[in-house]
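Peer 1: Provided herewith: final.pdb, PDB, C-alpha atoms, pLDDT in the B column.
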```pdb
ATOM      1  CA  MET W 296     -15.972 -10.236  14.964  1.00 80.00           C
ATOM      2  CA  PHE W 297     -15.806  -7.652  17.759  1.00 81.00           C
ATOM      3  CA  PRO W 298     -13.557  -9.821  20.022  1.00 82.00           C
ATOM      4  CA  ILE W 299     -10.976 -10.032  17.198  1.00 82.00           C
ATOM      5  CA  TYR W 300     -11.238  -6.279  16.601  1.00 89.00           C
ATOM      6  CA  LYS W 301     -10.755  -5.683  20.327  1.00 88.00           C
ATOM      7  CA  LYS W 302      -7.808  -8.095  20.420  1.00 85.00           C
ATOM      8  CA  GLU W 303      -6.134  -6.298  17.531  1.00 85.00           C
ATOM      9  CA  LEU W 304      -6.603  -2.884  19.124  1.00 88.00           C
ATOM     10  CA  HIS W 305      -5.186  -4.282  22.345  1.00 88.00           C
ATOM     11  CA  SER W 306      -2.095  -5.479  20.478  1.00 85.00           C
ATOM     12  CA  PHE W 307      -1.626  -1.966  19.062  1.00 87.00           C
ATOM     13  CA  PHE W 308      -2.456   0.270  22.025  1.00 89.00           C
ATOM     14  CA  LYS W 309      -1.438  -1.882  24.996  1.00 87.00           C
ATOM     15  CA  THR W 310       2.068  -1.994  23.563  1.00 85.00           C
ATOM     16  CA  PRO W 311       4.273   0.895  22.370  1.00 90.00           C
ATOM     17  CA  PHE W 312       3.658  -0.093  18.732  1.00 87.00           C
ATOM     18  CA  ALA W 313       0.797   2.283  17.855  1.00 88.00           C
ATOM     19  CA  TYR W 314       2.414   5.155  19.721  1.00 92.00           C
ATOM     20  CA  ILE W 315       5.789   4.663  18.032  1.00 92.00           C
ATOM     21  CA  ILE W 316       4.143   4.580  14.587  1.00 91.00           C
ATOM     22  CA  THR W 317       2.116   7.689  15.450  1.00 91.00           C
ATOM     23  CA  ALA W 318       5.245   9.443  16.728  1.00 92.00           C
ATOM     24  CA  LEU W 319       7.055   8.584  13.480  1.00 90.00           C
ATOM     25  CA  PHE W 320       4.112   9.882  11.443  1.00 89.00           C
ATOM     26  CA  MET W 321       4.043  13.099  13.491  1.00 89.00           C
ATOM     27  CA  PHE W 322       7.794  13.532  13.096  1.00 89.00           C
ATOM     28  CA  LEU W 323       7.562  13.216   9.310  1.00 84.00           C
ATOM     29  CA  PHE W 324       4.531  15.501   9.279  1.00 83.00           C
ATOM     30  CA  THR W 325       6.506  18.068  11.296  1.00 84.00           C
ATOM     31  CA  LEU W 326       9.397  17.940   8.824  1.00 82.00           C
ATOM     32  CA  SER W 327       6.982  18.603   5.962  1.00 75.00           C
ATOM     33  CA  LEU W 328       5.337  21.431   7.906  1.00 74.00           C
ATOM     34  CA  ASN W 329       8.665  23.093   8.709  1.00 74.00           C
ATOM     35  CA  ARG W 330       9.629  22.901   5.051  1.00 69.00           C
ATOM     36  CA  GLY W 331       6.310  24.499   4.115  1.00 61.00           C
ATOM     37  CA  ILE W 332       6.769  27.292   6.646  1.00 62.00           C
ATOM     38  CA  SER W 333      10.280  28.018   5.415  1.00 60.00           C
ATOM     39  CA  ASP W 334       8.911  28.534   1.881  1.00 58.00           C
ATOM     40  CA  ILE W 335       6.409  31.173   2.974  1.00 53.00           C
ATOM     41  CA  ASN W 336       7.457  34.732   2.170  1.00 53.00           C
ATOM     42  CA  THR W 337       4.544  36.533   3.809  1.00 50.00           C
ATOM     43  CA  ALA W 338       4.283  37.310   7.502  1.00 44.00           C
ATOM     44  CA  LYS W 339       0.903  35.608   7.834  1.00 45.00           C
ATOM     45  CA  MET W 340       0.556  31.877   7.269  1.00 48.00           C
ATOM     46  CA  GLN W 341      -2.220  30.658   4.996  1.00 52.00           C
ATOM     47  CA  PHE W 342      -2.285  26.885   4.662  1.00 55.00           C
ATOM     48  CA  THR W 343      -4.420  24.261   2.984  1.00 59.00           C
ATOM     49  CA  PHE W 344      -1.907  21.574   4.101  1.00 69.00           C
ATOM     50  CA  ALA W 345      -2.151  20.113   0.596  1.00 73.00           C
ATOM     51  CA  ASP W 346       1.613  20.086  -0.024  1.00 72.00           C
ATOM     52  CA  ILE W 347       2.280  18.588   3.403  1.00 75.00           C
ATOM     53  CA  PHE W 348      -0.082  15.675   2.860  1.00 79.00           C
ATOM     54  CA  ALA W 349       1.192  15.201  -0.691  1.00 76.00           C
ATOM     55  CA  THR W 350       4.725  14.849   0.691  1.00 73.00           C
ATOM     56  CA  ASN W 351       3.497  12.359   3.277  1.00 76.00           C
ATOM     57  CA  LEU W 352       2.123  10.101   0.546  1.00 80.00           C
ATOM     58  CA  PHE W 353       5.726   9.043  -0.047  1.00 80.00           C
ATOM     59  CA  TYR W 354       6.462   8.614   3.654  1.00 81.00           C
ATOM     60  CA  PHE W 355       3.266   6.623   4.039  1.00 79.00           C
ATOM     61  CA  ALA W 356       4.652   4.001   1.657  1.00 81.00           C
ATOM     62  CA  PHE W 357       7.013   3.026   4.473  1.00 85.00           C
ATOM     63  CA  ILE W 358       4.619   3.447   7.414  1.00 88.00           C
ATOM     64  CA  VAL W 359       1.611   1.403   6.227  1.00 88.00           C
ATOM     65  CA  PRO W 360       3.524  -1.867   5.630  1.00 87.00           C
ATOM     66  CA  VAL W 361       4.775  -1.651   9.220  1.00 87.00           C
ATOM     67  CA  LEU W 362       1.142  -1.444  10.344  1.00 88.00           C
ATOM     68  CA  THR W 363      -0.035  -4.344   8.199  1.00 88.00           C
ATOM     69  CA  MET W 364       2.976  -6.672   8.182  1.00 85.00           C
ATOM     70  CA  ARG W 365       2.019  -8.447  11.403  1.00 80.00           C
ATOM     71  CA  CYS W 366      -1.709  -8.956  10.791  1.00 82.00           C
ATOM     72  CA  PHE W 367      -1.463 -12.495   9.347  1.00 81.00           C
ATOM     73  CA  PRO W 368       2.179 -13.692   9.623  1.00 74.00           C
ATOM     74  CA  ASP W 369       2.097 -13.268  13.424  1.00 71.00           C
ATOM     75  CA  GLU W 370      -1.059 -15.388  13.634  1.00 70.00           C
ATOM     76  CA  ARG W 371       0.806 -18.142  11.775  1.00 69.00           C
ATOM     77  CA  LYS W 372       3.958 -17.670  13.816  1.00 67.00           C
ATOM     78  CA  PHE W 373       2.184 -18.111  17.156  1.00 63.00           C
ATOM     79  CA  GLY W 374      -0.214 -20.780  15.898  1.00 64.00           C
ATOM     80  CA  THR W 375      -3.359 -18.746  16.529  1.00 63.00           C
ATOM     81  CA  GLU W 376      -4.452 -18.640  12.893  1.00 62.00           C
ATOM     82  CA  VAL W 377      -5.714 -22.249  13.042  1.00 63.00           C
ATOM     83  CA  LEU W 378      -7.766 -21.496  16.152  1.00 59.00           C
ATOM     84  CA  ILE W 379      -9.339 -18.435  14.564  1.00 62.00           C
ATOM     85  CA  MET W 380      -9.998 -20.186  11.270  1.00 61.00           C
ATOM     86  CA  THR W 381     -11.839 -23.016  13.081  1.00 63.00           C
ATOM     87  CA  SER W 382     -13.832 -20.660  15.304  1.00 65.00           C
ATOM     88  CA  PRO W 383     -17.442 -19.561  14.574  1.00 70.00           C
ATOM     89  CA  VAL W 384     -16.025 -16.370  13.029  1.00 71.00           C
ATOM     90  CA  ASN W 385     -15.755 -16.737   9.259  1.00 82.00           C
ATOM     91  CA  VAL W 386     -12.821 -15.513   7.169  1.00 84.00           C
ATOM     92  CA  PHE W 387     -14.664 -12.384   6.031  1.00 89.00           C
ATOM     93  CA  GLN W 388     -15.322 -11.342   9.643  1.00 89.00           C
ATOM     94  CA  PHE W 389     -11.733 -12.197  10.569  1.00 87.00           C
ATOM     95  CA  VAL W 390     -10.305  -9.992   7.800  1.00 91.00           C
ATOM     96  CA  THR W 391     -12.815  -7.197   8.404  1.00 93.00           C
ATOM     97  CA  ALA W 392     -11.995  -7.073  12.127  1.00 91.00           C
ATOM     98  CA  LYS W 393      -8.273  -6.765  11.445  1.00 91.00           C
ATOM     99  CA  PHE W 394      -8.886  -4.215   8.694  1.00 95.00           C
ATOM    100  CA  LEU W 395     -11.046  -2.020  10.938  1.00 95.00           C
ATOM    101  CA  ALA W 396      -8.500  -2.237  13.765  1.00 94.00           C
ATOM    102  CA  ILE W 397      -5.693  -0.959  11.523  1.00 94.00           C
ATOM    103  CA  VAL W 398      -7.982   1.750  10.132  1.00 96.00           C
ATOM    104  CA  THR W 399      -8.689   2.783  13.744  1.00 95.00           C
ATOM    105  CA  VAL W 400      -4.948   3.183  14.353  1.00 94.00           C
ATOM    106  CA  PHE W 401      -4.720   5.254  11.176  1.00 94.00           C
ATOM    107  CA  LEU W 402      -7.587   7.471  12.393  1.00 94.00           C
ATOM    108  CA  PHE W 403      -5.697   7.913  15.663  1.00 93.00           C
ATOM    109  CA  MET W 404      -2.672   9.113  13.681  1.00 92.00           C
ATOM    110  CA  MET W 405      -4.761  11.518  11.611  1.00 91.00           C
ATOM    111  CA  THR W 406      -6.484  12.866  14.728  1.00 92.00           C
ATOM    112  CA  ALA W 407      -3.083  13.555  16.294  1.00 91.00           C
ATOM    113  CA  SER W 408      -2.104  15.567  13.194  1.00 88.00           C
ATOM    114  CA  LEU W 409      -5.017  17.977  13.780  1.00 89.00           C
ATOM    115  CA  ILE W 410      -2.826  19.823  16.265  1.00 89.00           C
ATOM    116  CA  TYR W 411      -1.028  21.429  13.309  1.00 85.00           C
ATOM    117  CA  PRO W 412      -4.086  23.045  11.667  1.00 85.00           C
ATOM    118  CA  ILE W 413      -5.177  24.220  15.125  1.00 86.00           C
ATOM    119  CA  ILE W 414      -1.827  25.886  15.821  1.00 82.00           C
ATOM    120  CA  THR W 415      -1.742  27.313  12.291  1.00 78.00           C
ATOM    121  CA  GLY W 416      -5.259  28.693  12.756  1.00 81.00           C
ATOM    122  CA  ILE W 417      -4.121  30.517  15.903  1.00 82.00           C
ATOM    123  CA  TYR W 418      -1.138  32.197  14.256  1.00 75.00           C
ATOM    124  CA  GLY W 419      -2.322  32.366  10.654  1.00 72.00           C
ATOM    125  CA  THR W 420      -5.156  31.333   8.369  1.00 78.00           C
ATOM    126  CA  VAL W 421      -6.339  27.839   7.500  1.00 80.00           C
ATOM    127  CA  ILE W 422      -8.584  27.404   4.468  1.00 82.00           C
ATOM    128  CA  ILE W 423     -11.115  25.078   6.089  1.00 86.00           C
ATOM    129  CA  PRO W 424     -12.922  23.664   2.991  1.00 87.00           C
ATOM    130  CA  ALA W 425      -9.588  22.798   1.365  1.00 85.00           C
ATOM    131  CA  LEU W 426      -8.331  21.331   4.659  1.00 87.00           C
ATOM    132  CA  ILE W 427     -11.396  19.080   4.951  1.00 90.00           C
ATOM    133  CA  SER W 428     -10.979  18.000   1.328  1.00 91.00           C
ATOM    134  CA  VAL W 429      -7.323  17.041   1.722  1.00 89.00           C
ATOM    135  CA  TYR W 430      -8.060  15.164   4.962  1.00 91.00           C
ATOM    136  CA  ILE W 431     -10.775  13.169   3.177  1.00 93.00           C
ATOM    137  CA  GLY W 432      -8.386  12.418   0.316  1.00 92.00           C
ATOM    138  CA  PHE W 433      -5.564  11.378   2.648  1.00 91.00           C
ATOM    139  CA  PHE W 434      -7.921   9.170   4.665  1.00 94.00           C
ATOM    140  CA  LEU W 435      -9.097   7.389   1.510  1.00 94.00           C
ATOM    141  CA  TRP W 436      -5.497   7.040   0.326  1.00 92.00           C
ATOM    142  CA  GLY W 437      -4.435   5.603   3.693  1.00 92.00           C
ATOM    143  CA  VAL W 438      -7.302   3.111   3.887  1.00 95.00           C
ATOM    144  CA  MET W 439      -6.528   2.001   0.336  1.00 93.00           C
ATOM    145  CA  CYS W 440      -2.893   1.437   1.299  1.00 92.00           C
ATOM    146  CA  ILE W 441      -3.991  -0.548   4.359  1.00 94.00           C
ATOM    147  CA  ALA W 442      -6.161  -2.815   2.190  1.00 94.00           C
ATOM    148  CA  ILE W 443      -3.253  -3.383  -0.221  1.00 92.00           C
ATOM    149  CA  GLY W 444      -0.813  -3.973   2.644  1.00 91.00           C
ATOM    150  CA  MET W 445      -3.104  -6.567   4.227  1.00 92.00           C
ATOM    151  CA  PHE W 446      -3.412  -8.372   0.903  1.00 92.00           C
ATOM    152  CA  CYS W 447       0.385  -8.493   0.597  1.00 90.00           C
ATOM    153  CA  ALA W 448       0.617  -9.892   4.140  1.00 89.00           C
ATOM    154  CA  SER W 449      -2.082 -12.512   3.527  1.00 87.00           C
ATOM    155  CA  PHE W 450       0.174 -14.817   1.528  1.00 83.00           C
ATOM    156  CA  SER W 451       3.406 -14.290   3.471  1.00 81.00           C
ATOM    157  CA  GLU W 452       4.802 -16.430   6.283  1.00 79.00           C
ATOM    158  CA  ASN W 453       7.203 -13.765   7.509  1.00 82.00           C
ATOM    159  CA  SER W 454       6.276 -10.260   8.686  1.00 84.00           C
ATOM    160  CA  ILE W 455       9.496  -8.735   7.331  1.00 87.00           C
ATOM    161  CA  ILE W 456       8.863 -10.189   3.894  1.00 88.00           C
ATOM    162  CA  ALA W 457       5.278  -8.929   4.098  1.00 86.00           C
ATOM    163  CA  ALA W 458       6.587  -5.443   4.900  1.00 87.00           C
ATOM    164  CA  VAL W 459       9.045  -5.485   1.974  1.00 89.00           C
ATOM    165  CA  ILE W 460       6.362  -6.641  -0.480  1.00 89.00           C
ATOM    166  CA  GLY W 461       3.970  -4.059   0.933  1.00 87.00           C
ATOM    167  CA  GLU W 462       6.512  -1.254   0.554  1.00 88.00           C
ATOM    168  CA  ALA W 463       7.195  -2.268  -3.048  1.00 88.00           C
ATOM    169  CA  ALA W 464       3.450  -2.181  -3.760  1.00 87.00           C
ATOM    170  CA  MET W 465       3.060   1.228  -2.054  1.00 85.00           C
ATOM    171  CA  LEU W 466       5.983   2.744  -3.961  1.00 85.00           C
ATOM    172  CA  LEU W 467       4.583   1.426  -7.249  1.00 84.00           C
ATOM    173  CA  LEU W 468       1.226   2.945  -6.341  1.00 82.00           C
ATOM    174  CA  THR W 469       2.860   6.276  -5.472  1.00 79.00           C
ATOM    175  CA  PHE W 470       5.028   6.548  -8.580  1.00 80.00           C
ATOM    176  CA  ILE W 471       2.826   4.874 -11.189  1.00 83.00           C
ATOM    177  CA  ASN W 472       1.996   8.228 -12.778  1.00 76.00           C
ATOM    178  CA  TYR W 473       5.728   8.884 -13.270  1.00 76.00           C
ATOM    179  CA  PHE W 474       6.191   5.479 -14.921  1.00 77.00           C
ATOM    180  CA  VAL W 475       3.423   6.068 -17.445  1.00 77.00           C
ATOM    181  CA  THR W 476       5.117   9.251 -18.674  1.00 76.00           C
ATOM    182  CA  SER W 477       8.191   7.250 -19.677  1.00 75.00           C
ATOM    183  CA  GLU W 478       9.219   6.849 -23.279  1.00 76.00           C
ATOM    184  CA  TYR W 479       7.819   3.319 -23.530  1.00 73.00           C
ATOM    185  CA  PHE W 480       4.310   4.246 -22.391  1.00 75.00           C
ATOM    186  CA  SER W 481       4.358   7.427 -24.486  1.00 76.00           C
ATOM    187  CA  ALA W 482       4.888   5.226 -27.533  1.00 78.00           C
ATOM    188  CA  HIS W 483       1.781   3.191 -26.604  1.00 75.00           C
ATOM    189  CA  PRO W 484      -0.940   5.766 -25.885  1.00 79.00           C
ATOM    190  CA  LYS W 485      -3.739   3.216 -25.386  1.00 79.00           C
ATOM    191  CA  LEU W 486      -1.711   1.318 -22.808  1.00 78.00           C
ATOM    192  CA  GLN W 487      -0.744   4.633 -21.203  1.00 78.00           C
ATOM    193  CA  SER W 488      -4.391   5.685 -20.913  1.00 80.00           C
ATOM    194  CA  PHE W 489      -5.309   2.323 -19.386  1.00 79.00           C
ATOM    195  CA  VAL W 490      -2.549   2.426 -16.768  1.00 77.00           C
ATOM    196  CA  MET W 491      -3.350   6.053 -15.951  1.00 80.00           C
ATOM    197  CA  MET W 492      -6.776   4.886 -14.791  1.00 79.00           C
ATOM    198  CA  PHE W 493      -4.984   3.359 -11.788  1.00 79.00           C
ATOM    199  CA  ALA W 494      -2.876   6.439 -10.973  1.00 82.00           C
ATOM    200  CA  ALA W 495      -4.226   7.056  -7.475  1.00 85.00           C
ATOM    201  CA  GLU W 496      -1.950  10.027  -6.788  1.00 84.00           C
ATOM    202  CA  ASP W 497      -3.582  12.018  -9.589  1.00 85.00           C
ATOM    203  CA  LYS W 498      -6.945  11.412  -7.946  1.00 89.00           C
ATOM    204  CA  PHE W 499      -5.576  12.474  -4.564  1.00 89.00           C
ATOM    205  CA  ASN W 500      -4.317  15.695  -6.145  1.00 87.00           C
ATOM    206  CA  TYR W 501      -7.913  16.768  -6.800  1.00 90.00           C
ATOM    207  CA  PHE W 502      -8.636  16.431  -3.078  1.00 91.00           C
ATOM    208  CA  ALA W 503      -5.458  18.418  -2.386  1.00 86.00           C
ATOM    209  CA  GLN W 504      -6.814  21.200  -4.610  1.00 86.00           C
ATOM    210  CA  GLY W 505     -10.043  21.282  -2.606  1.00 86.00           C
ATOM    211  CA  ILE W 506     -12.007  19.433  -5.301  1.00 90.00           C
ATOM    212  CA  ILE W 507     -14.051  16.448  -4.108  1.00 92.00           C
ATOM    213  CA  ARG W 508     -15.119  14.420  -7.130  1.00 93.00           C
ATOM    214  CA  PHE W 509     -17.581  11.566  -6.755  1.00 94.00           C
ATOM    215  CA  SER W 510     -15.629   9.511  -9.318  1.00 93.00           C
ATOM    216  CA  ASP W 511     -12.462   9.729  -7.199  1.00 94.00           C
ATOM    217  CA  ILE W 512     -14.309   8.602  -4.070  1.00 95.00           C
ATOM    218  CA  ILE W 513     -15.748   5.660  -6.008  1.00 95.00           C
ATOM    219  CA  PHE W 514     -12.249   4.793  -7.268  1.00 93.00           C
ATOM    220  CA  PHE W 515     -10.757   4.610  -3.770  1.00 95.00           C
ATOM    221  CA  ILE W 516     -13.713   2.711  -2.315  1.00 96.00           C
ATOM    222  CA  THR W 517     -13.613   0.236  -5.212  1.00 95.00           C
ATOM    223  CA  VAL W 518      -9.887  -0.425  -4.781  1.00 93.00           C
ATOM    224  CA  ILE W 519     -10.374  -0.866  -1.026  1.00 95.00           C
ATOM    225  CA  LEU W 520     -13.219  -3.355  -1.474  1.00 96.00           C
ATOM    226  CA  VAL W 521     -11.349  -5.272  -4.186  1.00 95.00           C
ATOM    227  CA  PHE W 522      -8.216  -5.758  -2.078  1.00 94.00           C
ATOM    228  CA  VAL W 523     -10.192  -6.670   1.043  1.00 95.00           C
ATOM    229  CA  ALA W 524     -12.071  -9.237  -1.062  1.00 95.00           C
ATOM    230  CA  TRP W 525      -8.799 -10.575  -2.476  1.00 93.00           C
ATOM    231  CA  THR W 526      -7.453 -10.907   1.063  1.00 93.00           C
ATOM    232  CA  VAL W 527     -10.508 -12.936   2.053  1.00 91.00           C
ATOM    233  CA  ILE W 528     -10.080 -15.142  -1.030  1.00 92.00           C
ATOM    234  CA  SER W 529      -6.361 -15.580  -0.277  1.00 88.00           C
ATOM    235  CA  LEU W 530      -7.064 -16.741   3.281  1.00 84.00           C
ATOM    236  CA  GLU W 531      -9.971 -18.940   2.173  1.00 83.00           C
ATOM    237  CA  ALA W 532      -7.683 -20.626  -0.372  1.00 81.00           C
ATOM    238  CA  ARG W 533      -5.080 -21.121   2.335  1.00 73.00           C
ATOM    239  CA  ARG W 534      -7.638 -22.647   4.680  1.00 70.00           C
ATOM    240  CA  TRP W 535      -8.954 -25.068   2.063  1.00 72.00           C
ATOM    241  CA  LYS W 536      -5.410 -25.991   1.058  1.00 67.00           C
ATOM    242  CA  LYS W 537      -4.655 -27.002   4.633  1.00 58.00           C
ATOM    243  CA  GLY W 538      -7.902 -28.907   4.805  1.00 54.00           C
TER     244      GLY W 538
END
```
Translate the structure of the given file into structure tokens.

Peer 2:
Amino acid sequence: MFPIYKKELHSFFKTPFAYIITALFMFLFTLSLNRGISDINTAKMQFTFADIFATNLFYFAFIVPVLTMRCFPDERKFGTEVLIMTSPVNVFQFVTAKFLAIVTVFLFMMTASLIYPIITGIYGTVIIPALISVYIGFFLWGVMCIAIGMFCASFSENSIIAAVIGEAAMLLLTFINYFVTSEYFSAHPKLQSFVMMFAAEDKFNYFAQGIIRFSDIIFFITVILVFVAWTVISLEARRWKKG
């Protein structure tokens, strides 16, 4: 499994890809930060960064599919998927290695964003417990999106199509709580309550408020494990279909 993980990291960091994605993430983060600063009326900054990360949930719907779109379609494009599938590494290890590599890139992006709390702490005040909470929430949100994006890419032959499907899934995930407040769902309260169980943004909002609930952590971990498992099943079905 480690050789595949290493190969994936090499494909990200030995090319401009990871750095371009990180630069884009930092640029969007900077825009959100500047907007937050412009809304402050006091002379001394006091940030939890909650609003900034909440804004980046929307931007992330476009960034994550770019990270995940190549993970399986490129293997098929260059004919390396067959070699990997027939190697001693099983499908679970194959998927896990790719998943961990993308999560590593995401951690690199989040680490780069720490420069903003550091600068803010020098010139103002950062509420550390709330900052830690929102970072935990954003990390769980990002890993969940990665798992969903990989699942979308697992049954696509084209990386662009995988990215489009992934973006559609991310946008649905981001705005599901707005859909359930529509007139149709309001007329069906039981259905509304059921769909609201999957409103991940509402769960992230607790982290943004500095509230770490065990139930929210379990929700994100469960969704991550489910989509990773579905990705494994998707690739296993593909392998058996091809004989």

Peer 1: Pull out every residue that the PyMOL selection byres ((chain W and resi 520) around 12) matches in the shown coordinates and put them as a ChimeraX atom specification.

Peer 2: /W:387,390-391,394,435,438-443,446,513-519,521-527

Peer 1: Could you save the residues just selected, with C-alpha atoms, as an mmCIF file, keeping the file's coordinate frame?

Peer 2:
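Output below, filename part08.cif:
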```cif
data_model
loop_
_atom_site.group_PDB
_atom_site.id
_atom_site.type_symbol
_atom_site.label_atom_id
_atom_site.label_comp_id
_atom_site.auth_asym_id
_atom_site.auth_seq_id
_atom_site.Cartn_x
_atom_site.Cartn_y
_atom_site.Cartn_z
ATOM 1 C CA PHE W 387 -14.664 -12.384 6.031
ATOM 2 C CA VAL W 390 -10.305 -9.992 7.800
ATOM 3 C CA THR W 391 -12.815 -7.197 8.404
ATOM 4 C CA PHE W 394 -8.886 -4.215 8.694
ATOM 5 C CA LEU W 435 -9.097 7.389 1.510
ATOM 6 C CA VAL W 438 -7.302 3.111 3.887
ATOM 7 C CA MET W 439 -6.528 2.001 0.336
ATOM 8 C CA CYS W 440 -2.893 1.437 1.299
ATOM 9 C CA ILE W 441 -3.991 -0.548 4.359
ATOM 10 C CA ALA W 442 -6.161 -2.815 2.190
ATOM 11 C CA ILE W 443 -3.253 -3.383 -0.221
ATOM 12 C CA PHE W 446 -3.412 -8.372 0.903
ATOM 13 C CA ILE W 513 -15.748 5.660 -6.008
ATOM 14 C CA PHE W 514 -12.249 4.793 -7.268
ATOM 15 C CA PHE W 515 -10.757 4.610 -3.770
ATOM 16 C CA ILE W 516 -13.713 2.711 -2.315
ATOM 17 C CA THR W 517 -13.613 0.236 -5.212
ATOM 18 C CA VAL W 518 -9.887 -0.425 -4.781
ATOM 19 C CA ILE W 519 -10.374 -0.866 -1.026
ATOM 20 C CA VAL W 521 -11.349 -5.272 -4.186
ATOM 21 C CA PHE W 522 -8.216 -5.758 -2.078
ATOM 22 C CA VAL W 523 -10.192 -6.670 1.043
ATOM 23 C CA ALA W 524 -12.071 -9.237 -1.062
ATOM 24 C CA TRP W 525 -8.799 -10.575 -2.476
ATOM 25 C CA THR W 526 -7.453 -10.907 1.063
ATOM 26 C CA VAL W 527 -10.508 -12.936 2.053
#
```

Peer 1: Given the PyMOL selection byres ((chain W and resi 401) around 10) and the file above, list the residues it selects as a ChimeraX atom specification.

Peer 2: /W:313,316-317,320,359,362,395-400,402-407,434,437-438,441

Peer 1: Residues as selected, C-alpha atoms, written as a PDB file, in the coordinates of the input, can you do that?

Peer 2:
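Written file, part14.pdb:
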```pdb
ATOM      1  CA  ALA W 313       0.797   2.283  17.855  1.00 88.00           C
ATOM      2  CA  ILE W 316       4.143   4.580  14.587  1.00 91.00           C
ATOM      3  CA  THR W 317       2.116   7.689  15.450  1.00 91.00           C
ATOM      4  CA  PHE W 320       4.112   9.882  11.443  1.00 89.00           C
ATOM      5  CA  VAL W 359       1.611   1.403   6.227  1.00 88.00           C
ATOM      6  CA  LEU W 362       1.142  -1.444  10.344  1.00 88.00           C
ATOM      7  CA  LEU W 395     -11.046  -2.020  10.938  1.00 95.00           C
ATOM      8  CA  ALA W 396      -8.500  -2.237  13.765  1.00 94.00           C
ATOM      9  CA  ILE W 397      -5.693  -0.959  11.523  1.00 94.00           C
ATOM     10  CA  VAL W 398      -7.982   1.750  10.132  1.00 96.00           C
ATOM     11  CA  THR W 399      -8.689   2.783  13.744  1.00 95.00           C
ATOM     12  CA  VAL W 400      -4.948   3.183  14.353  1.00 94.00           C
ATOM     13  CA  LEU W 402      -7.587   7.471  12.393  1.00 94.00           C
ATOM     14  CA  PHE W 403      -5.697   7.913  15.663  1.00 93.00           C
ATOM     15  CA  MET W 404      -2.672   9.113  13.681  1.00 92.00           C
ATOM     16  CA  MET W 405      -4.761  11.518  11.611  1.00 91.00           C
ATOM     17  CA  THR W 406      -6.484  12.866  14.728  1.00 92.00           C
ATOM     18  CA  ALA W 407      -3.083  13.555  16.294  1.00 91.00           C
ATOM     19  CA  PHE W 434      -7.921   9.170   4.665  1.00 94.00           C
ATOM     20  CA  GLY W 437      -4.435   5.603   3.693  1.00 92.00           C
ATOM     21  CA  VAL W 438      -7.302   3.111   3.887  1.00 95.00           C
ATOM     22  CA  ILE W 441      -3.991  -0.548   4.359  1.00 94.00           C
TER      23      ILE W 441
END
```

Peer 1: Quick one: pull the distance between CA of Phe470 in chain W and CA of Glu496 in chain W, Å, one decimal.

Peer 2: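 Going from CA of Phe470 in chain W over to CA of Glu496 in chain W, I get 8.0 Å.
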
Peer 1: Report as a list in words the residues that result from applying the PyMOL selection byres ((chain W and resi 455) around 12) to the structure here.

Peer 2: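 Listing what the PyMOL selection byres ((chain W and resi 455) around 12) selects in the shown file: Pro360, Val361, Leu362, Thr363, Met364, Arg365, Cys366, Phe367, Pro368, Asp369, Cys447, Ala448, Ser451, Glu452, Asn453, Ser454, Ile456, Ala457, Ala458, Val459, Ile460, Gly461 and Glu462 of chain W.
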
Peer 1: Under the rule that all atoms listed in the file are counted, which of W:Arg508, W:Ser529, W:Phe324, W:Phe499 is the nearest residue to Ile410 in chain W?

Peer 2: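 Smallest distance to Ile410 in chain W is found for W:Phe324.
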
Peer 1: Could you add N, CA, C and O atoms to range 386-393 of chain W and give me the result as a short mmCIF file (atom, residue, chain, number, x, y, z; two decimals), keeping the file's coordinate frame?

Peer 2:
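And here's rebuild-v3.cif as it stands now:
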```
data_model
loop_
_atom_site.label_atom_id
_atom_site.label_comp_id
_atom_site.auth_asym_id
_atom_site.auth_seq_id
_atom_site.Cartn_x
_atom_site.Cartn_y
_atom_site.Cartn_z
N VAL W 386 -14.02 -16.21 7.65
CA VAL W 386 -12.82 -15.51 7.17
C VAL W 386 -13.13 -14.05 6.89
O VAL W 386 -12.31 -13.17 7.17
N PHE W 387 -14.29 -13.77 6.33
CA PHE W 387 -14.66 -12.38 6.03
C PHE W 387 -14.68 -11.54 7.31
O PHE W 387 -14.16 -10.42 7.34
N GLN W 388 -15.27 -12.06 8.37
CA GLN W 388 -15.32 -11.34 9.64
C GLN W 388 -13.93 -11.18 10.24
O GLN W 388 -13.60 -10.15 10.82
N PHE W 389 -13.11 -12.22 10.08
CA PHE W 389 -11.73 -12.20 10.57
C PHE W 389 -10.93 -11.08 9.89
O PHE W 389 -10.27 -10.28 10.54
N VAL W 390 -11.02 -11.01 8.56
CA VAL W 390 -10.30 -9.99 7.80
C VAL W 390 -10.86 -8.60 8.10
O VAL W 390 -10.10 -7.64 8.29
N THR W 391 -12.18 -8.49 8.15
CA THR W 391 -12.82 -7.20 8.40
C THR W 391 -12.42 -6.64 9.77
O THR W 391 -12.15 -5.44 9.91
N ALA W 392 -12.37 -7.51 10.78
CA ALA W 392 -12.00 -7.07 12.13
C ALA W 392 -10.57 -6.53 12.15
O ALA W 392 -10.30 -5.47 12.74
N LYS W 393 -9.66 -7.22 11.49
CA LYS W 393 -8.27 -6.76 11.44
C LYS W 393 -8.16 -5.47 10.64
O LYS W 393 -7.41 -4.55 11.02
#
```
